[in-house]
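Quick notes on the structure that follows.
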Amino acid sequence: METMKKVALILIECQNEWLSENGKLRKLIKDKNQLSVSEKNIEAALKIARNNEDIQVLHVTLRLNKGYPEFGKGPNIGLQSAIPKAKTWIIGESGTEYYPKFKPLPGEFEISGRVGASAFAGTNLDAYLRNNNIKKIYLTGYALHVCVESTLREAHDKGYNTTILIDATASFTDQQKKYFINNTVHHFGHQIKTNQFLESVYL
């Protein structure tokens, strides 16, 4: 049996920007059923983790200053261009707040300092995991083909045993999710469904 203290469930961007009816990113998601299913499964996974005191729950958010000074004034590309255009993730706006059902409980660690796609980008996540001897991590959250995938890739390169709860995350379209499942995940980690999560943490 695995020592449970070496396991963490990581929730990525379980914030209003994705999950609230008024979320700016929610409005861009074409496959709303995929989003609804993922929300229910994140809730189920979180309940499993919270009922097992040795599974650590970590929360990863994105919160940026107004005007996005973190991105500088250079020739921003990718997310550094898309985020300002969408006017998302601004500190003080409702979109950056936790979606109520995923608000951290006392004792659940909130990762800080994030400025990029990966949950490791500029944050204390790697230090927290290593200092707490956590080697196996489970990922949930948004969006699968962007920030979750970026986290998966970096976790692989840092030596973590990483599994995505594939039905506890969502992309903008079904096609994006299918591409990730068929072409990406097996290069960097594993995927399971949420109903396998409880069994898997004891393997």
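Ligands are numbered from 1 in the order shown, residues from 1 within each chain, and chains are lettered A, B, ... in the order they appear in the structure tokens.
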What's around segment 151-161 of chain A at 6 Å? Count only C-alpha atoms, leave out sequence neighbours fewer than 6 positions away in its own chain, and write the answer as number ranges by chain. A: 118-119, 135-136, 188
Next, the residues of the selection above should be written as a PDB file, in the first residue's frame with C-alpha atoms.
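Written out: out-v4.pdb:
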```
ATOM      1  CA  SER A 118       1.935  25.569 -15.975  1.00  0.00           C
ATOM      2  CA  ALA A 119       1.035  25.374 -12.294  1.00  0.00           C
ATOM      3  CA  LYS A 135       5.969  12.189  -5.498  1.00  0.00           C
ATOM      4  CA  LYS A 136       2.576  11.279  -6.921  1.00  0.00           C
ATOM      5  CA  PHE A 188       3.935  12.430 -19.913  1.00  0.00           C
TER       6      PHE A 188
END
```
Would you give me, as a PDB file with N, CA, C and O atoms, in the first residue's frame, the residues in segment 98-163 of chain A that DSSP reads as strand (DSSP E)?
```
ATOM      1  N   PHE A 109      -3.464  23.736   0.979  1.00  0.00           N
ATOM      2  CA  PHE A 109      -2.457  24.717   0.579  1.00  0.00           C
ATOM      3  C   PHE A 109      -2.826  25.407  -0.728  1.00  0.00           C
ATOM      4  O   PHE A 109      -3.236  24.768  -1.698  1.00  0.00           O
ATOM      5  N   GLU A 110      -2.660  26.726  -0.750  1.00  0.00           N
ATOM      6  CA  GLU A 110      -2.907  27.529  -1.943  1.00  0.00           C
ATOM      7  C   GLU A 110      -1.572  27.912  -2.563  1.00  0.00           C
ATOM      8  O   GLU A 110      -0.774  28.620  -1.955  1.00  0.00           O
ATOM      9  N   ILE A 111      -1.350  27.438  -3.780  1.00  0.00           N
ATOM     10  CA  ILE A 111      -0.119  27.735  -4.496  1.00  0.00           C
ATOM     11  C   ILE A 111      -0.135  29.208  -4.917  1.00  0.00           C
ATOM     12  O   ILE A 111      -1.154  29.726  -5.368  1.00  0.00           O
ATOM     13  N   LYS A 136       3.665  11.655  -6.029  1.00  0.00           N
ATOM     14  CA  LYS A 136       2.576  11.279  -6.921  1.00  0.00           C
ATOM     15  C   LYS A 136       1.489  12.338  -6.857  1.00  0.00           C
ATOM     16  O   LYS A 136       1.005  12.671  -5.770  1.00  0.00           O
ATOM     17  N   ILE A 137       1.108  12.856  -8.024  1.00  0.00           N
ATOM     18  CA  ILE A 137       0.102  13.916  -8.056  1.00  0.00           C
ATOM     19  C   ILE A 137      -1.011  13.584  -9.049  1.00  0.00           C
ATOM     20  O   ILE A 137      -0.797  12.916 -10.057  1.00  0.00           O
ATOM     21  N   TYR A 138      -2.186  14.075  -8.704  1.00  0.00           N
ATOM     22  CA  TYR A 138      -3.372  13.927  -9.546  1.00  0.00           C
ATOM     23  C   TYR A 138      -3.853  15.317  -9.935  1.00  0.00           C
ATOM     24  O   TYR A 138      -3.970  16.199  -9.081  1.00  0.00           O
ATOM     25  N   LEU A 139      -4.125  15.508 -11.228  1.00  0.00           N
ATOM     26  CA  LEU A 139      -4.506  16.809 -11.736  1.00  0.00           C
ATOM     27  C   LEU A 139      -5.968  16.856 -12.143  1.00  0.00           C
ATOM     28  O   LEU A 139      -6.483  15.930 -12.782  1.00  0.00           O
ATOM     29  N   THR A 140      -6.627  17.951 -11.784  1.00  0.00           N
ATOM     30  CA  THR A 140      -7.968  18.262 -12.256  1.00  0.00           C
ATOM     31  C   THR A 140      -7.990  19.736 -12.635  1.00  0.00           C
ATOM     32  O   THR A 140      -7.084  20.488 -12.286  1.00  0.00           O
ATOM     33  N   GLY A 141      -9.029  20.160 -13.344  1.00  0.00           N
ATOM     34  CA  GLY A 141      -9.191  21.589 -13.588  1.00  0.00           C
ATOM     35  C   GLY A 141      -9.181  21.978 -15.048  1.00  0.00           C
ATOM     36  O   GLY A 141      -9.512  21.187 -15.930  1.00  0.00           O
ATOM     37  N   TYR A 142      -8.714  23.212 -15.301  1.00  0.00           N
ATOM     38  CA  TYR A 142      -8.951  23.855 -16.607  1.00  0.00           C
ATOM     39  C   TYR A 142      -7.724  24.605 -17.102  1.00  0.00           C
ATOM     40  O   TYR A 142      -6.919  25.072 -16.342  1.00  0.00           O
ATOM     41  N   ASN A 161       5.282  11.496 -10.632  1.00  0.00           N
ATOM     42  CA  ASN A 161       4.374  10.487 -11.186  1.00  0.00           C
ATOM     43  C   ASN A 161       2.999  11.131 -11.250  1.00  0.00           C
ATOM     44  O   ASN A 161       2.347  11.324 -10.225  1.00  0.00           O
ATOM     45  N   THR A 162       2.571  11.470 -12.442  1.00  0.00           N
ATOM     46  CA  THR A 162       1.399  12.325 -12.604  1.00  0.00           C
ATOM     47  C   THR A 162       0.264  11.619 -13.324  1.00  0.00           C
ATOM     48  O   THR A 162       0.467  10.983 -14.357  1.00  0.00           O
ATOM     49  N   THR A 163      -0.928  11.778 -12.775  1.00  0.00           N
ATOM     50  CA  THR A 163      -2.145  11.205 -13.363  1.00  0.00           C
ATOM     51  C   THR A 163      -3.202  12.297 -13.486  1.00  0.00           C
ATOM     52  O   THR A 163      -3.415  13.080 -12.560  1.00  0.00           O
TER      53      THR A 163
END
```
Could you pull out the residues in segment 57-108 of chain A that DSSP calls alpha helix (DSSP H) from the backbone, as a VMD selection string? chain A and resid 79 to 86
Can you work out the spacing between atom CA of Ile48 of chain A and atom CA of Ser150 of chain A in Å, to one decimal? 25.0 Å
Nearest to Ser38 of chain A by atom-to-atom distance, counting only C-alpha atoms, from A:Ile192, A:Ala168, A:Leu19, A:Leu129: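 Nearest candidate to Ser38 of chain A out of A:Ile192, A:Ala168, A:Leu19, A:Leu129: A:Ala168.
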Select, from A:Trp18, A:Phe102, A:Trp89, A:Tyr179, the residue with the minimum atom-to-atom distance to Asn65 of chain A, counting only C-alpha atoms.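 Between A:Trp18, A:Phe102, A:Trp89, A:Tyr179, the residue approaching Asn65 of chain A most closely is A:Trp89.
Neighbouring residues of Gln56 of chain A at 9 Å or closer, counting only C-alpha atoms and skipping chain neighbours under 2 positions away, are Met4, Lys5, Lys6, Val7, Ala8, Leu9, Ile10, Ala49, Arg50, Asn52, Glu53, Asp54, Leu58, Gly107, Glu108, Phe109 and Ile134 of chain A.
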Give me the residues within 12 Å of Phe180 of chain A as a PyMOL selection string, counting only C-alpha atoms and dropping any in the same chain fewer than 6 places off. chain A and resi 143-146+148-150+152+164+166+169-171+173-174+186-191
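Atom pair atom CA of Ala45 of chain A / atom CA of Ile90 of chain A: separated by 27.9 Å.
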Nearest residue to Phe197 of chain A out of A:Lys30, A:Arg114, A:Lys24, A:Lys47, using only C-alpha atoms?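 Answer, going by the shortest atom-to-atom distance: A:Lys47.
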